[in-house]
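For reference, start-v6.csv is printed below; it contains CSV, C-alpha atoms.
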chain,number,residue,atom,x,y,z
A,63,MET,CA,106.0,-53.3,160.3
A,64,ARG,CA,106.1,-57.1,160.1
A,65,VAL,CA,105.3,-59.0,156.9
A,66,LEU,CA,104.8,-62.7,156.7
A,67,VAL,CA,105.4,-64.3,153.2
A,68,VAL,CA,104.5,-67.9,152.7
A,69,GLY,CA,105.8,-69.7,149.6
A,70,SER,CA,105.5,-73.3,148.5
A,71,CYS,CA,108.0,-75.9,147.5
A,72,GLY,CA,108.4,-76.7,143.8
A,73,LYS,CA,109.4,-79.4,141.4
A,74,LYS,CA,112.4,-77.5,140.0
A,75,LYS,CA,115.2,-77.6,142.6
A,76,LEU,CA,118.7,-76.3,142.8
A,77,HIS,CA,120.0,-79.9,143.3
A,78,ASN,CA,118.6,-83.3,142.4
A,79,ASN,CA,119.7,-86.9,143.0
A,80,LEU,CA,118.4,-90.1,141.5
A,81,ASN,CA,118.0,-91.5,145.0
A,82,GLN,CA,116.3,-88.5,146.6
A,83,PRO,CA,113.3,-89.4,148.8
A,84,ASN,CA,109.7,-89.2,147.7
A,85,CYS,CA,106.6,-88.8,149.9
A,86,ILE,CA,106.6,-92.5,150.9
A,87,ASP,CA,110.3,-92.5,151.8
A,88,ILE,CA,109.8,-89.4,154.0
A,89,ASP,CA,106.9,-91.1,155.7
A,90,ARG,CA,109.1,-94.1,156.5
A,91,VAL,CA,111.8,-91.8,157.9
A,92,PRO,CA,110.1,-88.5,158.8
A,93,ASP,CA,113.2,-87.0,160.5
A,94,ILE,CA,114.5,-84.3,158.2
A,95,ASN,CA,117.9,-84.5,159.9
A,96,TYR,CA,118.2,-88.1,158.5
A,97,TRP,CA,117.8,-86.8,155.0
A,98,LYS,CA,120.0,-83.8,155.6
A,99,GLN,CA,122.8,-86.1,156.6
A,100,LYS,CA,122.2,-88.6,153.7
A,101,PHE,CA,122.4,-85.8,151.1
A,102,ALA,CA,124.6,-83.4,153.1
A,103,SER,CA,126.7,-82.4,150.0
A,104,ILE,CA,123.7,-81.2,148.1
A,105,CYS,CA,121.5,-79.5,150.8
A,106,ALA,CA,120.7,-75.9,150.4
A,107,PRO,CA,118.8,-73.1,152.3
A,108,ALA,CA,115.1,-73.4,151.6
A,109,ARG,CA,115.0,-70.0,149.9
A,110,ASP,CA,117.6,-71.2,147.4
A,111,MET,CA,116.5,-74.8,146.8
A,112,TYR,CA,113.4,-74.0,144.8
A,113,ILE,CA,114.2,-72.5,141.4
A,114,GLY,CA,110.9,-72.3,139.6
A,115,PRO,CA,109.8,-68.8,138.5
A,116,GLN,CA,107.4,-68.2,141.4
A,117,SER,CA,110.0,-69.1,144.0
A,118,ILE,CA,112.7,-67.0,142.4
A,119,GLU,CA,110.5,-63.9,142.1
A,120,LEU,CA,109.1,-64.4,145.6
A,121,VAL,CA,112.6,-64.4,147.1
A,122,ARG,CA,113.6,-61.4,145.0
A,123,ALA,CA,110.5,-59.5,146.2
A,124,VAL,CA,111.3,-60.3,149.8
A,125,ASP,CA,114.8,-59.0,149.4
A,126,MET,CA,113.4,-55.8,147.8
A,127,LEU,CA,111.1,-55.2,150.7
A,128,ARG,CA,114.0,-55.7,153.2
A,129,THR,CA,115.8,-52.7,151.7
A,130,ILE,CA,113.1,-50.5,153.2
A,131,PRO,CA,114.1,-49.5,156.7
A,132,ASP,CA,111.8,-50.8,159.5
A,133,VAL,CA,110.1,-53.4,157.2
A,134,ASP,CA,110.7,-56.8,158.8
A,135,VAL,CA,109.9,-59.6,156.4
A,136,GLN,CA,109.7,-63.3,157.4
A,137,LEU,CA,109.8,-65.8,154.6
A,138,VAL,CA,108.8,-69.4,155.2
A,139,ILE,CA,108.3,-72.3,152.7
A,140,LEU,CA,105.4,-74.7,152.9
A,141,SER,CA,106.9,-78.1,152.0
A,142,ALA,CA,104.9,-81.2,151.3
A,143,GLY,CA,107.9,-83.2,152.4
A,144,PHE,CA,109.0,-81.5,155.6
A,145,GLY,CA,106.3,-79.0,156.7
A,146,VAL,CA,106.9,-75.3,157.4
A,147,LEU,CA,110.6,-74.4,156.6
A,148,ALA,CA,112.4,-71.3,157.6
A,149,GLU,CA,114.1,-69.7,154.7
A,150,GLU,CA,117.6,-70.4,155.9
A,151,GLU,CA,116.9,-73.9,157.0
A,152,MET,CA,119.0,-76.4,155.1
A,153,VAL,CA,116.9,-78.8,153.1
A,154,PRO,CA,117.8,-81.9,151.0
A,155,PRO,CA,116.4,-82.5,147.5
A,156,TYR,CA,113.2,-84.5,147.5
A,157,ASP,CA,110.3,-85.4,145.3
A,158,CYS,CA,107.1,-84.7,147.1
A,159,SER,CA,104.4,-82.2,146.3
A,160,PHE,CA,100.8,-81.4,147.2
A,161,THR,CA,100.1,-80.2,143.6
A,162,ASN,CA,99.1,-83.6,142.2
A,163,MET,CA,97.5,-85.0,145.3
A,164,LYS,CA,93.8,-85.5,145.8
A,165,MET,CA,92.3,-83.3,148.5
A,166,VAL,CA,91.8,-86.3,150.8
A,167,GLU,CA,95.6,-87.0,150.4
A,168,VAL,CA,96.4,-83.4,151.0
A,169,LYS,CA,94.4,-83.4,154.2
A,170,LYS,CA,96.0,-86.6,155.5
A,171,ARG,CA,99.5,-85.4,154.8
A,172,SER,CA,98.8,-82.0,156.3
A,173,GLU,CA,97.7,-83.7,159.5
A,174,GLU,CA,100.8,-85.9,159.6
A,175,LEU,CA,103.0,-82.7,159.2
A,176,GLU,CA,100.9,-80.8,161.7
A,177,LEU,CA,100.7,-77.9,159.2
A,178,GLN,CA,97.6,-76.2,160.5
A,179,SER,CA,98.9,-75.9,164.0
A,180,SER,CA,102.3,-74.7,162.8
A,181,PHE,CA,100.7,-72.1,160.6
A,182,THR,CA,98.3,-70.9,163.2
A,183,SER,CA,101.2,-70.5,165.7
A,184,LEU,CA,103.1,-68.6,163.0
A,185,VAL,CA,100.4,-66.1,162.1
A,186,ASN,CA,99.6,-65.4,165.7
A,187,SER,CA,103.1,-63.9,166.0
A,188,SER,CA,101.7,-60.3,165.4
A,189,PHE,CA,102.2,-59.8,161.7
A,190,ASP,CA,100.8,-56.6,160.1
A,191,LEU,CA,100.5,-58.2,156.6
A,192,VAL,CA,100.4,-61.8,155.3
A,193,TYR,CA,101.1,-62.8,151.7
A,194,LEU,CA,100.1,-66.4,150.9
A,195,ALA,CA,101.8,-67.4,147.6
A,196,LEU,CA,100.0,-70.7,147.6
A,197,GLY,CA,98.2,-72.8,145.0
A,198,LYS,CA,94.9,-74.6,145.8
A,199,GLN,CA,96.3,-77.7,147.3
A,200,TYR,CA,98.9,-75.9,149.4
A,201,LEU,CA,96.3,-73.5,150.7
A,202,ALA,CA,94.0,-76.5,151.4
A,203,ALA,CA,96.8,-78.0,153.4
A,204,LEU,CA,96.6,-75.1,155.8
A,205,GLY,CA,92.8,-75.7,156.2
A,206,THR,CA,90.1,-73.1,156.1
A,207,ALA,CA,90.0,-73.0,159.9
A,208,ALA,CA,93.6,-71.7,159.9
A,209,LEU,CA,92.7,-68.9,157.6
A,210,THR,CA,90.0,-67.7,159.9
A,211,THR,CA,92.5,-67.0,162.6
A,212,ILE,CA,94.1,-64.2,160.6
A,213,ARG,CA,93.0,-60.8,161.6
A,214,THR,CA,95.3,-58.7,159.4
A,215,PRO,CA,95.2,-58.0,155.6
A,216,THR,CA,96.1,-61.2,153.8
A,217,ILE,CA,96.6,-61.6,150.0
A,218,VAL,CA,95.5,-65.0,148.8
A,219,PHE,CA,95.0,-66.4,145.3
A,220,HIS,CA,92.2,-68.8,145.9
A,221,GLY,CA,89.1,-68.9,148.1
A,222,GLN,CA,86.7,-66.2,149.1
A,223,ASP,CA,87.2,-62.5,149.4
A,224,SER,CA,86.5,-61.1,152.9
A,225,ASP,CA,87.3,-58.2,155.2
A,226,HIS,CA,90.8,-59.5,155.8
A,227,LEU,CA,91.4,-61.9,152.9
A,228,ILE,CA,92.1,-60.1,149.7
A,229,GLN,CA,91.7,-62.6,146.9
A,230,VAL,CA,93.6,-61.9,143.7
A,231,PRO,CA,92.5,-64.4,141.0
A,232,CYS,CA,95.5,-66.4,139.7
A,233,SER,CA,94.1,-66.7,136.2
A,234,THR,CA,95.0,-66.1,132.6
A,235,LYS,CA,92.7,-63.0,132.6
A,236,THR,CA,94.6,-61.5,135.6
A,237,VAL,CA,98.0,-62.3,134.2
A,238,LYS,CA,97.0,-60.7,130.9
A,239,ALA,CA,95.8,-57.5,132.6
A,240,PHE,CA,99.1,-57.1,134.5
A,241,SER,CA,101.2,-58.0,131.4
A,242,GLU,CA,99.3,-55.4,129.3
A,243,CYS,CA,100.1,-52.9,132.0
A,244,GLY,CA,103.8,-53.4,131.3
A,245,HIS,CA,104.7,-55.7,134.2
A,246,THR,CA,107.0,-58.7,133.7
A,247,ILE,CA,104.9,-61.8,134.4
A,248,HIS,CA,106.1,-65.4,134.3
A,249,GLY,CA,102.7,-66.8,133.3
A,250,VAL,CA,100.0,-68.1,135.6
A,251,VAL,CA,102.6,-70.4,137.3
A,252,GLY,CA,104.9,-67.5,138.4
A,253,PHE,CA,102.3,-64.8,139.0
A,254,LYS,CA,102.1,-65.3,142.8
A,255,GLY,CA,105.8,-64.4,143.0
A,256,ASP,CA,105.6,-61.7,140.4
A,257,LEU,CA,102.8,-59.8,142.2
A,258,LEU,CA,104.8,-59.4,145.4
A,259,ARG,CA,107.8,-58.2,143.3
A,260,ILE,CA,105.5,-55.7,141.6
A,261,LEU,CA,104.1,-54.5,144.9
A,262,ALA,CA,107.6,-54.1,146.3
A,263,GLY,CA,108.7,-52.1,143.2
A,264,TYR,CA,105.7,-49.9,143.6
A,265,ALA,CA,106.6,-49.0,147.2
A,266,LEU,CA,110.2,-48.4,146.4
A,267,LYS,CA,109.3,-45.8,143.7
A,268,LYS,CA,107.5,-43.8,146.4
A,269,SER,CA,109.3,-40.9,148.1
A,270,HIS,CA,108.5,-42.6,151.4
A,271,PRO,CA,108.5,-46.4,150.8
A,272,TYR,CA,107.9,-47.3,154.4
A,273,SER,CA,104.8,-45.1,154.6
A,274,GLU,CA,103.4,-46.8,151.5
A,275,VAL,CA,104.0,-50.3,152.9
A,276,LYS,CA,102.5,-49.3,156.2
A,277,LYS,CA,99.3,-48.3,154.4
A,278,TRP,CA,99.0,-51.8,153.1
A,279,THR,CA,97.8,-52.7,156.6
A,280,GLU,CA,94.5,-51.0,155.5
A,281,SER,CA,92.6,-53.5,153.4
A,282,SER,CA,90.9,-50.7,151.4
A,283,HIS,CA,94.2,-49.1,150.5
A,284,LEU,CA,95.8,-52.4,149.5
A,285,ARG,CA,92.9,-53.2,147.3
A,286,MET,CA,93.2,-49.9,145.6
A,287,VAL,CA,96.9,-50.4,144.9
A,288,LEU,CA,96.3,-53.8,143.5
A,289,HIS,CA,93.5,-52.5,141.3
A,290,ARG,CA,95.8,-49.6,140.1
A,291,LEU,CA,98.7,-52.0,139.3
A,292,SER,CA,96.5,-54.1,137.1
A,293,CYS,CA,95.9,-51.1,135.0
A,294,PRO,CA,92.1,-51.2,134.5
A,295,LYS,CA,91.1,-50.0,131.1
A,296,SER,CA,90.1,-46.6,132.3
A,297,LEU,CA,93.7,-46.0,133.4
A,298,ARG,CA,95.4,-47.4,130.2
Please go through the file and, once you have read it, give me the structure as structure tokens.
Amino acid sequence: MRVLVVGSCGKKKLHNNLNQPNCIDIDRVPDINYWKQKFASICAPARDMYIGPQSIELVRAVDMLRTIPDVDVQLVILSAGFGVLAEEEMVPPYDCSFTNMKMVEVKKRSEELELQSSFTSLVNSSFDLVYLALGKQYLAALGTAALTTIRTPTIVFHGQDSDHLIQVPCSTKTVKAFSECGHTIHGVVGFKGDLLRILAGYALKKSHPYSEVKKWTESSHLRMVLHRLSCPKSLR
């Protein structure tokens, strides 16, 4: 059972430096190894560099799922500075994000980083489940065409619901529903990480966690679980 989890870079980082590169600096010297060498003393694995609530909870959820035998989870980080990062890849601090970019800027930078081709190549590696913990701009950076290549159940937080894409609204209403159900939620900002942690906890409480996670490859079952975890009023 192979699960792909895609997170995004964030403003809050484990290390910072007054001279760390921004988007323009990285454009001038696009070689990540140059920046790794320049800030060697404060580089960190991608999974540890981002310390916002979403990133922390996403890593926690990934580690929880990895305690289940035969569940293989691959975590990658979508970075506006350096592209698709493996979780253990050392990354320097930087100041570059898709969040405040206009869509035309997102598209341009995505093309420069070759994000769509990198993502397409990644999802074609036979995953059984994909979890895209991405905001609007980061999802847009992948391109709608890239999402159409996915043929396995995929949880997204923006866009249209379809047979394979399971859209969970990242909204105040959704956060309130999960909070009132007793789940710990770090606001709308952290919800995308919280939800995977909640799903992992749900599976681990089952007598056969692997069997539960395996059922998530069925879109109908996964939708039912998500509905149940949000505690609709009829179940409260």
Name the closest residue to Asp134 of chain A among the candidates A:Leu204, A:Val230, A:Ala102, A:Val192; distances are taken between atoms, counting only C-alpha atoms. A:Val192
Which polymer residues, protein or nucleic acid, are no farther than 12 Å from (106.4, -86.4, 146.6), counting only C-alpha atoms, as a short mmCIF file (atom, residue, chain, number, x, y, z; two decimals) with C-alpha atoms, in the coordinates of the input?
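Contents of the output file part.cif:
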data_model
loop_
_atom_site.label_atom_id
_atom_site.label_comp_id
_atom_site.auth_asym_id
_atom_site.auth_seq_id
_atom_site.Cartn_x
_atom_site.Cartn_y
_atom_site.Cartn_z
CA CYS A 71 108.00 -75.90 147.50
CA GLY A 72 108.40 -76.70 143.80
CA LYS A 73 109.40 -79.40 141.40
CA GLN A 82 116.30 -88.50 146.60
CA PRO A 83 113.30 -89.40 148.80
CA ASN A 84 109.70 -89.20 147.70
CA CYS A 85 106.60 -88.80 149.90
CA ILE A 86 106.60 -92.50 150.90
CA ASP A 87 110.30 -92.50 151.80
CA ILE A 88 109.80 -89.40 154.00
CA ASP A 89 106.90 -91.10 155.70
CA SER A 141 106.90 -78.10 152.00
CA ALA A 142 104.90 -81.20 151.30
CA GLY A 143 107.90 -83.20 152.40
CA PHE A 144 109.00 -81.50 155.60
CA PRO A 155 116.40 -82.50 147.50
CA TYR A 156 113.20 -84.50 147.50
CA ASP A 157 110.30 -85.40 145.30
CA CYS A 158 107.10 -84.70 147.10
CA SER A 159 104.40 -82.20 146.30
CA PHE A 160 100.80 -81.40 147.20
CA THR A 161 100.10 -80.20 143.60
CA ASN A 162 99.10 -83.60 142.20
CA MET A 163 97.50 -85.00 145.30
CA GLU A 167 95.60 -87.00 150.40
CA VAL A 168 96.40 -83.40 151.00
CA ARG A 171 99.50 -85.40 154.80
#
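Separating atom CA of Thr182 of chain A from atom CA of Val135 of chain A is a distance of 17.6 Å.
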Non-local contacts of Ala108 of chain A (9 Å; all atoms listed in the file; under 6 positions in same chain excluded) as a PyMOL selection string: chain A and resi 71+138-139+147-154
As a ChimeraX atom specification, please: the residues near segment 248-260 of chain A (cut-off 9 Å, only C-alpha atoms, same-chain neighbours under 3 positions excluded). /A:69,114-124,126-127,193-197,218-219,232-234,236-238,240,245,263-265,288,291
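Reported to one decimal place, the separation of atom CA of Leu209 of chain A from atom CA of Gln229 of chain A is 12.5 Å.
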Correct to one decimal, the distance atom CA of Lys74 of chain A-atom CA of Asp110 of chain A is 11.0 Å
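With distances taken over all atoms listed in the file, A:Pro294 is the one residue among A:Ser103, A:Pro294, A:Thr210, A:Gly221 lying closest to Lys235 of chain A.
If you measure from each of A:Val275, A:Ile130, A:Val146, A:Val91 to Leu175 of chain A using only C-alpha atoms, the closest one turns out to be A:Val146.
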Please enclose the listed atoms of segment 169-175 of chain A in an axis-aligned box, pad each side by 3 Å, and write out the centre and the three edge lengths in Å, rounded to one decimal, as JSON.
{"center_x": 98.7, "center_y": -84.3, "center_z": 156.9, "size_x": 14.6, "size_y": 10.6, "size_z": 11.4}
Min atom-atom distance to His77 of chain A from the set A:Gln222, A:Glu173, A:Tyr112, A:Val65, counting only C-alpha atoms, belongs to A:Tyr112
